[in-house]
$ cat coords.txt   # compact mmCIF, C-alpha atoms
# COMPACT_ATOMS: atom_id res chain seq x y z
CA MET U 707 69.19 63.84 25.05
CA GLN U 708 67.69 60.62 26.34
CA ASP U 709 64.76 60.95 23.93
CA ASP U 710 65.70 60.65 20.28
CA SER U 711 64.50 63.86 18.61
CA LEU U 712 65.09 63.19 14.93
CA MET U 713 63.22 63.85 11.68
CA ALA U 714 61.13 60.72 11.14
CA THR U 715 61.38 60.84 7.33
CA SER U 716 65.16 61.32 7.23
CA THR U 717 67.67 58.47 7.10
CA PRO U 718 70.60 58.08 9.54
CA ARG U 719 72.99 59.12 6.77
CA GLU U 720 70.96 62.24 5.96
CA SER U 721 70.59 63.21 9.64
CA ILE U 722 74.32 62.96 10.31
CA GLU U 723 75.24 64.76 7.08
CA PHE U 724 72.71 67.50 7.89
CA SER U 725 74.35 68.08 11.28
CA ALA U 726 77.82 68.01 9.73
CA ARG U 727 76.96 70.48 6.96
CA LEU U 728 75.61 73.08 9.38
CA ARG U 729 77.90 72.60 12.38
CA LEU U 730 81.35 71.75 11.05
CA PRO U 731 83.68 74.62 10.04
CA PRO U 732 82.72 76.26 6.72
CA SER U 733 86.05 75.15 5.23
CA THR U 734 84.94 71.49 5.41
CA THR U 735 84.25 70.19 1.90
CA ASN U 736 81.37 67.93 0.88
CA ASP U 737 83.78 65.06 0.22
CA GLU U 738 85.20 65.37 3.73
CA ILE U 739 81.68 65.42 5.19
CA LYS U 740 80.76 62.26 3.28
CA LYS U 741 83.93 60.48 4.42
CA LEU U 742 83.37 61.47 8.06
CA THR U 743 79.74 60.37 7.85
CA GLU U 744 80.63 57.02 6.29
CA LYS U 745 83.28 56.34 8.94
CA LEU U 746 80.94 57.28 11.78
CA LEU U 747 78.13 55.10 10.42
CA LYS U 748 80.55 52.19 10.36
CA ASP U 749 81.83 52.91 13.89
CA LEU U 750 78.25 53.13 15.20
CA GLY U 751 77.30 49.85 13.51
CA ILE U 752 74.38 51.33 11.56
CA LEU U 753 75.86 51.15 8.07
CA GLU U 754 73.34 48.48 7.03
CA CYS U 755 70.38 50.77 7.84
CA ALA U 756 72.01 54.04 6.81
CA ASP U 757 69.52 54.62 3.99
CA VAL U 758 66.35 53.52 5.82
CA MET U 759 63.96 56.14 7.20
CA ILE U 760 64.38 56.72 10.93
CA GLY U 761 60.64 56.52 11.51
CA GLY U 762 58.48 57.53 14.43
CA ALA U 763 55.05 57.07 15.95
CA MET U 764 53.27 57.06 12.58
CA ILE U 765 56.06 55.92 10.26
CA LYS U 766 57.79 52.56 10.44
CA GLY U 767 61.57 52.86 10.45
CA ILE U 768 64.74 51.61 12.09
CA SER U 769 64.85 49.96 15.53
CA GLY U 770 65.08 51.87 18.79
CA GLY U 771 68.72 50.95 19.30
CA GLN U 772 69.66 52.10 15.81
CA ARG U 773 67.75 55.33 16.39
CA LYS U 774 69.66 55.88 19.65
CA ARG U 775 73.01 55.40 17.89
CA THR U 776 71.93 57.80 15.14
CA SER U 777 71.04 60.40 17.77
CA VAL U 778 74.51 60.07 19.29
CA GLY U 779 76.12 60.21 15.85
CA VAL U 780 74.41 63.54 15.11
CA GLU U 781 76.37 65.07 18.01
CA VAL U 782 79.60 63.10 17.65
CA ILE U 783 80.07 64.11 13.99
CA THR U 784 80.82 67.69 15.08
CA GLN U 785 83.91 66.54 17.01
CA PRO U 786 83.03 68.58 20.12
CA THR U 787 85.49 69.42 22.89
CA LEU U 788 82.85 68.64 25.54
CA LEU U 789 80.06 66.12 25.07
CA PHE U 790 77.17 65.40 27.47
CA LEU U 791 74.99 62.32 26.93
CA ASP U 792 71.93 61.20 28.86
CA GLU U 793 71.91 57.39 29.02
CA PRO U 794 73.33 56.74 25.52
CA THR U 795 73.04 52.95 25.98
CA SER U 796 69.34 52.81 26.88
CA GLY U 797 67.52 50.39 24.59
CA LEU U 798 70.74 48.80 23.31
CA ASP U 799 71.75 45.17 23.72
CA ALA U 800 75.03 44.26 25.45
CA PHE U 801 77.11 44.21 22.26
CA SER U 802 75.69 47.49 20.92
CA ALA U 803 76.16 49.17 24.32
CA HIS U 804 79.80 48.04 24.41
CA GLN U 805 80.28 49.29 20.86
CA MET U 806 78.75 52.65 21.77
CA VAL U 807 80.92 53.21 24.87
CA THR U 808 84.01 52.06 22.95
CA LEU U 809 83.31 54.77 20.39
CA LEU U 810 82.88 57.36 23.16
CA LYS U 811 86.16 56.25 24.77
CA LYS U 812 87.89 56.59 21.41
CA LEU U 813 86.38 60.06 21.07
CA ALA U 814 87.60 60.93 24.58
CA GLY U 815 91.11 59.94 23.49
CA ASP U 816 90.93 62.60 20.78
CA GLN U 817 90.90 65.46 23.33
CA THR U 818 87.14 65.43 23.85
CA ALA U 819 85.76 65.30 27.38
CA VAL U 820 82.81 62.89 27.49
CA LEU U 821 80.38 62.96 30.43
CA CYS U 822 77.36 60.69 30.47
CA THR U 823 74.89 58.93 32.70
CA ILE U 824 74.87 55.19 32.15
CA HIS U 825 72.02 52.70 32.56
CA GLN U 826 72.91 49.27 33.99
CA PRO U 827 76.41 48.91 32.50
CA SER U 828 77.89 45.46 32.10
CA SER U 829 81.31 44.75 33.60
CA GLU U 830 82.98 45.24 30.22
CA VAL U 831 81.24 48.58 29.70
CA PHE U 832 81.89 49.76 33.27
CA PHE U 833 85.65 49.31 33.06
CA LEU U 834 85.81 51.30 29.82
CA PHE U 835 85.17 54.46 31.86
CA ASP U 836 88.12 56.39 33.26
CA ASN U 837 86.25 57.89 36.21
CA VAL U 838 82.80 57.18 37.65
CA ILE U 839 80.50 58.90 40.14
CA PHE U 840 77.80 57.16 42.19
CA MET U 841 75.32 59.34 44.06
CA LYS U 842 72.85 58.65 46.85
CA GLU U 843 70.27 61.27 47.80
CA GLY U 844 72.46 64.13 46.61
CA GLN U 845 75.61 62.82 48.34
CA ILE U 846 78.67 61.42 46.58
CA PHE U 847 78.72 57.70 47.33
CA TYR U 848 81.82 57.00 45.29
CA GLN U 849 83.95 59.04 42.93
CA GLY U 850 87.15 57.87 41.37
CA PRO U 851 88.69 55.52 38.81
CA ALA U 852 86.43 52.69 37.71
CA ASN U 853 89.16 50.10 38.20
CA ALA U 854 89.72 51.24 41.81
CA ALA U 855 86.10 50.85 42.95
CA GLN U 856 86.42 47.18 43.85
CA ASP U 857 89.45 47.70 46.12
CA TYR U 858 87.79 50.74 47.71
CA PHE U 859 84.71 48.85 48.87
CA THR U 860 86.81 45.84 49.90
CA LYS U 861 88.68 48.11 52.34
CA LEU U 862 85.30 49.20 53.72
CA ASN U 863 84.44 45.51 54.42
CA MET U 864 81.84 45.55 51.66
CA PRO U 865 83.60 43.44 49.02
CA CYS U 866 82.03 42.65 45.70
CA PRO U 867 81.02 38.96 45.51
CA SER U 868 82.97 36.75 43.16
CA ASN U 869 81.77 36.76 39.52
CA HIS U 870 79.50 39.72 40.31
CA ASN U 871 79.25 43.01 38.43
CA ILE U 872 80.91 45.72 40.52
CA ALA U 873 78.52 48.36 39.13
CA ASP U 874 75.50 46.33 40.26
CA HIS U 875 77.16 45.78 43.65
CA ILE U 876 77.70 49.50 44.23
CA MET U 877 74.15 50.31 43.11
CA ASN U 878 72.84 47.68 45.50
CA LEU U 879 74.79 49.27 48.35
CA CYS U 880 73.39 52.68 47.43
CA GLN U 881 69.86 51.30 47.72
CA THR U 882 70.28 49.20 50.88
CA LEU U 883 72.59 51.29 53.09
CA SER U 884 70.97 54.05 55.12
CA ASN U 885 72.46 57.52 55.45
CA ASP U 886 73.48 56.76 59.04
CA GLU U 887 75.38 53.67 57.95
CA CYS U 888 77.09 55.66 55.19
CA ASN U 889 78.10 58.33 57.69
CA ASN U 890 79.37 55.73 60.18
CA LYS U 891 81.53 54.16 57.47
CA ASN U 892 82.74 57.63 56.39
CA ILE U 893 81.67 56.92 52.81
CA TYR U 894 80.33 60.42 52.23
CA SER U 895 83.19 62.24 53.99
CA ASP U 896 85.94 60.27 52.22
CA ASN U 897 84.52 61.01 48.78
CA ASN U 898 83.76 64.66 49.56
CA LYS U 899 87.32 65.08 50.85
CA ALA U 900 88.65 63.65 47.60
CA ILE U 901 86.53 66.11 45.65
CA THR U 902 87.71 69.03 47.79
CA ASP U 903 91.36 68.09 47.30
CA THR U 904 90.84 67.83 43.56
CA ASN U 905 89.10 71.20 43.41
CA ASP U 906 91.87 72.84 45.45
CA ASN U 907 94.46 71.55 42.98
CA ASN U 908 92.44 72.71 40.00
CA ASN U 909 91.69 76.13 41.49
CA SER U 910 95.40 76.88 41.72
CA ASN U 911 95.50 76.98 37.91
CA ILE U 912 92.38 79.15 37.52
CA SER U 913 92.50 82.93 37.39
CA GLY U 914 89.68 85.36 36.78
CA ASN U 915 88.82 89.00 36.90
CA GLY U 916 86.16 88.54 39.56
CA ASN U 917 83.38 89.87 37.36
CA ASP U 918 80.44 87.50 37.01
CA GLU U 919 78.66 87.89 33.70
CA ILE U 920 75.54 86.26 32.36
CA VAL U 921 76.56 84.02 29.48
CA ASP U 922 74.26 82.95 26.66
CA PHE U 923 74.90 79.23 26.30
CA ILE U 924 73.00 78.91 22.99
CA PRO U 925 75.79 78.94 20.38
CA GLN U 926 75.41 80.96 17.23
CA PRO U 927 75.11 79.00 13.97
CA SER U 928 78.44 78.66 12.17
CA ALA U 929 76.79 78.13 8.78
CA THR U 930 75.72 81.01 6.58
CA MET U 931 72.05 81.91 6.26
CA TRP U 932 72.00 80.62 2.67
CA LEU U 933 73.45 77.25 3.72
CA GLN U 934 70.90 76.98 6.55
CA LEU U 935 68.01 77.74 4.21
CA SER U 936 69.18 75.31 1.50
CA ALA U 937 69.76 72.46 3.98
CA LEU U 938 66.42 73.00 5.72
CA LEU U 939 64.56 73.33 2.41
CA ASP U 940 66.07 70.08 1.12
CA ARG U 941 65.03 68.27 4.31
CA GLU U 942 61.51 69.70 4.35
CA ILE U 943 60.84 68.83 0.70
CA LYS U 944 61.93 65.24 1.35
CA ASN U 945 59.70 65.19 4.44
CA VAL U 946 56.64 66.27 2.44
CA ILE U 947 57.29 63.78 -0.36
CA ARG U 948 58.05 60.81 1.90
CA ASP U 949 55.28 61.36 4.42
CA LYS U 950 52.59 60.28 2.01
CA GLY U 951 50.11 59.44 4.77
CA ALA U 952 50.05 63.02 6.04
CA LEU U 953 49.77 64.39 2.50
CA ILE U 954 46.91 62.06 1.59
CA GLY U 955 45.15 62.79 4.87
CA ARG U 956 45.49 66.53 4.38
CA PHE U 957 43.81 66.55 0.97
CA GLY U 958 41.57 63.55 1.70
CA ILE U 959 39.89 65.25 4.66
CA THR U 960 39.36 68.42 2.59
CA ILE U 961 37.77 66.49 -0.27
CA PHE U 962 35.57 64.43 2.07
CA LEU U 963 34.29 67.45 4.01
CA ASN U 964 33.52 69.41 0.88
CA LEU U 965 31.64 66.47 -0.64
CA LEU U 966 29.70 66.22 2.62
CA PHE U 967 28.86 69.93 2.61
CA GLY U 968 27.90 69.71 -1.08
CA ILE U 969 25.46 66.89 -0.37
CA ILE U 970 23.97 68.67 2.65
CA PHE U 971 23.47 71.98 0.82
CA TRP U 972 22.64 70.48 -2.60
CA GLY U 973 20.58 72.88 -4.72
CA VAL U 974 20.63 75.74 -2.19
CA GLY U 975 22.22 78.15 -4.66
CA SER U 976 19.26 78.02 -7.06
CA THR U 977 16.65 78.99 -4.44
CA ASP U 978 15.15 82.44 -3.84
CA GLN U 979 17.10 84.46 -1.24
CA GLY U 980 13.99 86.47 -0.47
CA ASP U 981 12.71 83.56 1.57
CA VAL U 982 14.09 83.62 5.14
CA THR U 983 14.72 79.87 5.21
CA ASN U 984 16.60 79.94 1.92
CA PHE U 985 18.69 82.89 3.11
CA GLN U 986 19.63 80.93 6.27
CA ASN U 987 20.63 77.98 4.09
CA HIS U 988 22.88 80.24 2.02
CA PHE U 989 24.42 81.73 5.15
CA GLY U 990 24.96 78.27 6.67
CA ALA U 991 26.67 76.97 3.52
CA ILE U 992 29.04 79.93 3.37
CA THR U 993 29.78 79.65 7.10
CA MET U 994 30.59 75.94 6.96
CA VAL U 995 32.83 76.32 3.91
CA THR U 996 34.70 79.25 5.52
CA ILE U 997 35.20 77.49 8.85
CA SER U 998 36.31 74.32 7.09
CA SER U 999 38.80 76.33 5.03
CA MET U 1000 40.36 78.00 8.08
CA PHE U 1001 40.56 74.89 10.25
CA GLY U 1002 41.62 72.73 7.33
CA SER U 1003 44.59 75.00 6.74
CA ALA U 1004 45.57 75.43 10.39
CA GLN U 1005 45.02 71.90 11.70
CA PRO U 1006 47.96 70.18 9.92
CA VAL U 1007 50.34 72.80 11.31
CA MET U 1008 48.91 72.49 14.83
CA LEU U 1009 49.18 68.71 14.72
CA MET U 1010 52.75 68.84 13.39
CA PHE U 1011 54.08 71.29 15.99
CA PRO U 1012 54.12 68.93 19.04
CA PHE U 1013 56.06 66.29 17.04
CA GLU U 1014 58.68 68.68 15.66
CA ARG U 1015 59.14 70.86 18.75
CA PRO U 1016 61.66 68.52 20.53
CA MET U 1017 63.70 68.24 17.34
CA PHE U 1018 63.69 72.02 16.82
CA MET U 1019 64.69 72.69 20.45
CA ARG U 1020 67.60 70.23 20.22
CA GLU U 1021 68.90 71.59 16.92
CA TYR U 1022 68.38 75.24 17.86
CA SER U 1023 70.05 74.85 21.27
CA THR U 1024 73.15 73.30 19.66
CA GLY U 1025 73.50 76.10 17.12
CA THR U 1026 72.60 74.00 14.09
CA TYR U 1027 70.53 76.81 12.59
CA SER U 1028 68.73 79.98 13.64
CA ALA U 1029 65.04 80.19 14.51
CA THR U 1030 64.58 82.66 11.65
CA SER U 1031 65.83 80.17 9.06
CA TYR U 1032 63.61 77.42 10.43
CA PHE U 1033 60.41 79.47 10.37
CA ILE U 1034 61.15 80.91 6.92
CA ILE U 1035 61.41 77.42 5.45
CA LYS U 1036 58.37 76.12 7.34
CA THR U 1037 56.36 79.05 5.98
CA CYS U 1038 57.62 78.48 2.43
CA ILE U 1039 56.61 74.81 2.63
CA ASP U 1040 53.27 75.22 4.44
CA LEU U 1041 52.03 78.17 2.37
CA PRO U 1042 51.87 76.29 -0.99
CA LEU U 1043 50.23 73.32 0.73
CA THR U 1044 47.66 75.61 2.30
CA LEU U 1045 46.93 77.29 -1.04
CA ALA U 1046 46.62 73.88 -2.71
CA THR U 1047 44.18 72.81 0.01
CA CYS U 1048 42.06 75.93 -0.56
CA ILE U 1049 42.08 75.36 -4.35
CA VAL U 1050 40.91 71.78 -3.87
CA GLN U 1051 38.22 73.00 -1.50
CA TYR U 1052 36.80 75.72 -3.72
$ encode --input "coords.txt" --output "structure tokens"
Amino acid sequence: MQDDSLMATSTPRESIEFSARLRLPPSTTNDEIKKLTEKLLKDLGILECADVMIGGAMIKGISGGQRKRTSVGVEVITQPTLLFLDEPTSGLDAFSAHQMVTLLKKLAGDQTAVLCTIHQPSSEVFFLFDNVIFMKEGQIFYQGPANAAQDYFTKLNMPCPSNHNIADHIMNLCQTLSNDECNNKNIYSDNNKAITDTNDNNNSNISGNGNDEIVDFIPQPSATMWLQLSALLDREIKNVIRDKGALIGRFGITIFLNLLFGIIFWGVGSTDQGDVTNFQNHFGAITMVTISSMFGSAQPVMLMFPFERPMFMREYSTGTYSATSYFIIKTCIDLPLTLATCIVQY
């Protein structure tokens, strides 16, 4: 995903190892996971910050480029056969972007198909790609080998200026040429014809039974339920311990509100309940304490949900763990904290 959905209190090493433990084949040993993680951290160029918290909106952590490379590493560690990436070089400098695409090209050489959108590639990065597609208003503007793009547009009398990035040149043409001009130069028809010819060749090798079935694209977790629970529990405990600000705020607000209620209703308990005013004071004190208890327990969970939802959706959709495992662990972690909050309050 373009947005980096990672646990803010985890480190790059822990995030990659977490993905490897739950998504690699069960036969993979812990030593093999550690070696793969170490190698990937080195290839991504984030070995120096491997043990620093990733961070987020409320927690200071690694830089945006390092976070982006960690997010890619979480997917690459599983050695997938097909990998989609949405602008993996966004937020990276020229060297880091080149390093990232070099890693993806190396991965593609290991029988993994890599498809990604790319944001303002340099010339060095552009020519690392085997095939590229440029689109304009839903039409294919160019599709083919990256190293053939310059000759293609030269034949169309739209040559790339000397010492100019061919990717920037094609993007400039996409923005400045109208659809009529593209049709007159047969840009759309030439590329669509190339796609049709390619599809015809590929279709000759495809056979099917003609029955269309609805396929569930959410993969099932490969890890056992016990492994999912242990990995999630380990991560959640570290999250609670490391996120000291949230923990202090949770108990600090409870203590402050109860001190406030105690000052407001000071001495109410020793008054006569037969008096209507005193009875109302008793009822008000009980009401405020009860409401504070309920909202004090529910508010941390409600505030946490929007931050963790993107991370849960990414991990669940890739088959890292089941929704049942996630909610069991969240309940086991939140329940003791809620009970501790109520004990502090009363």
$ closest_residue --input "coords.txt" --among "U:Val778, U:Cys755, U:Ile893, U:Ile783" --to "Ser796 of chain U" --atoms "all atoms listed in the file"
U:Val778
$ atom_distance --input "coords.txt" --atom1 "atom CA of Lys740 of chain U" --atom2 "atom CA of Arg727 of chain U"
9.8 Å
$ residues_around --input "coords.txt" --residues "Thr1037 of chain U" --least-positions-apart "4" --cutoff "12 Å" --atoms "all atoms listed in the file" --output "PyMOL selection string"
chain U and resi 935+938-939+942+1007+1030-1033+1041-1045
$ write_last_selection --input "coords.txt" --atoms "C-alpha atoms" --output "CSV table (one decimal), in the coordinates of the input"
chain,number,residue,atom,x,y,z
U,935,LEU,CA,68.0,77.7,4.2
U,938,LEU,CA,66.4,73.0,5.7
U,939,LEU,CA,64.6,73.3,2.4
U,942,GLU,CA,61.5,69.7,4.4
U,1007,VAL,CA,50.3,72.8,11.3
U,1030,THR,CA,64.6,82.7,11.6
U,1031,SER,CA,65.8,80.2,9.1
U,1032,TYR,CA,63.6,77.4,10.4
U,1033,PHE,CA,60.4,79.5,10.4
U,1041,LEU,CA,52.0,78.2,2.4
U,1042,PRO,CA,51.9,76.3,-1.0
U,1043,LEU,CA,50.2,73.3,0.7
U,1044,THR,CA,47.7,75.6,2.3
U,1045,LEU,CA,46.9,77.3,-1.0
$ closest_residue --input "coords.txt" --among "U:Asn964, U:Ser725, U:Ser711, U:Gln881" --to "Glu843 of chain U" --atoms "only C-alpha atoms"
U:Gln881
$ atom_distance --input "coords.txt" --atom1 "atom CA of Leu821 of chain U" --atom2 "atom CA of Val838 of chain U"
9.6 Å
$ atom_distance --input "coords.txt" --atom1 "atom CA of Ala937 of chain U" --atom2 "atom CA of Phe724 of chain U"
7.0 Å
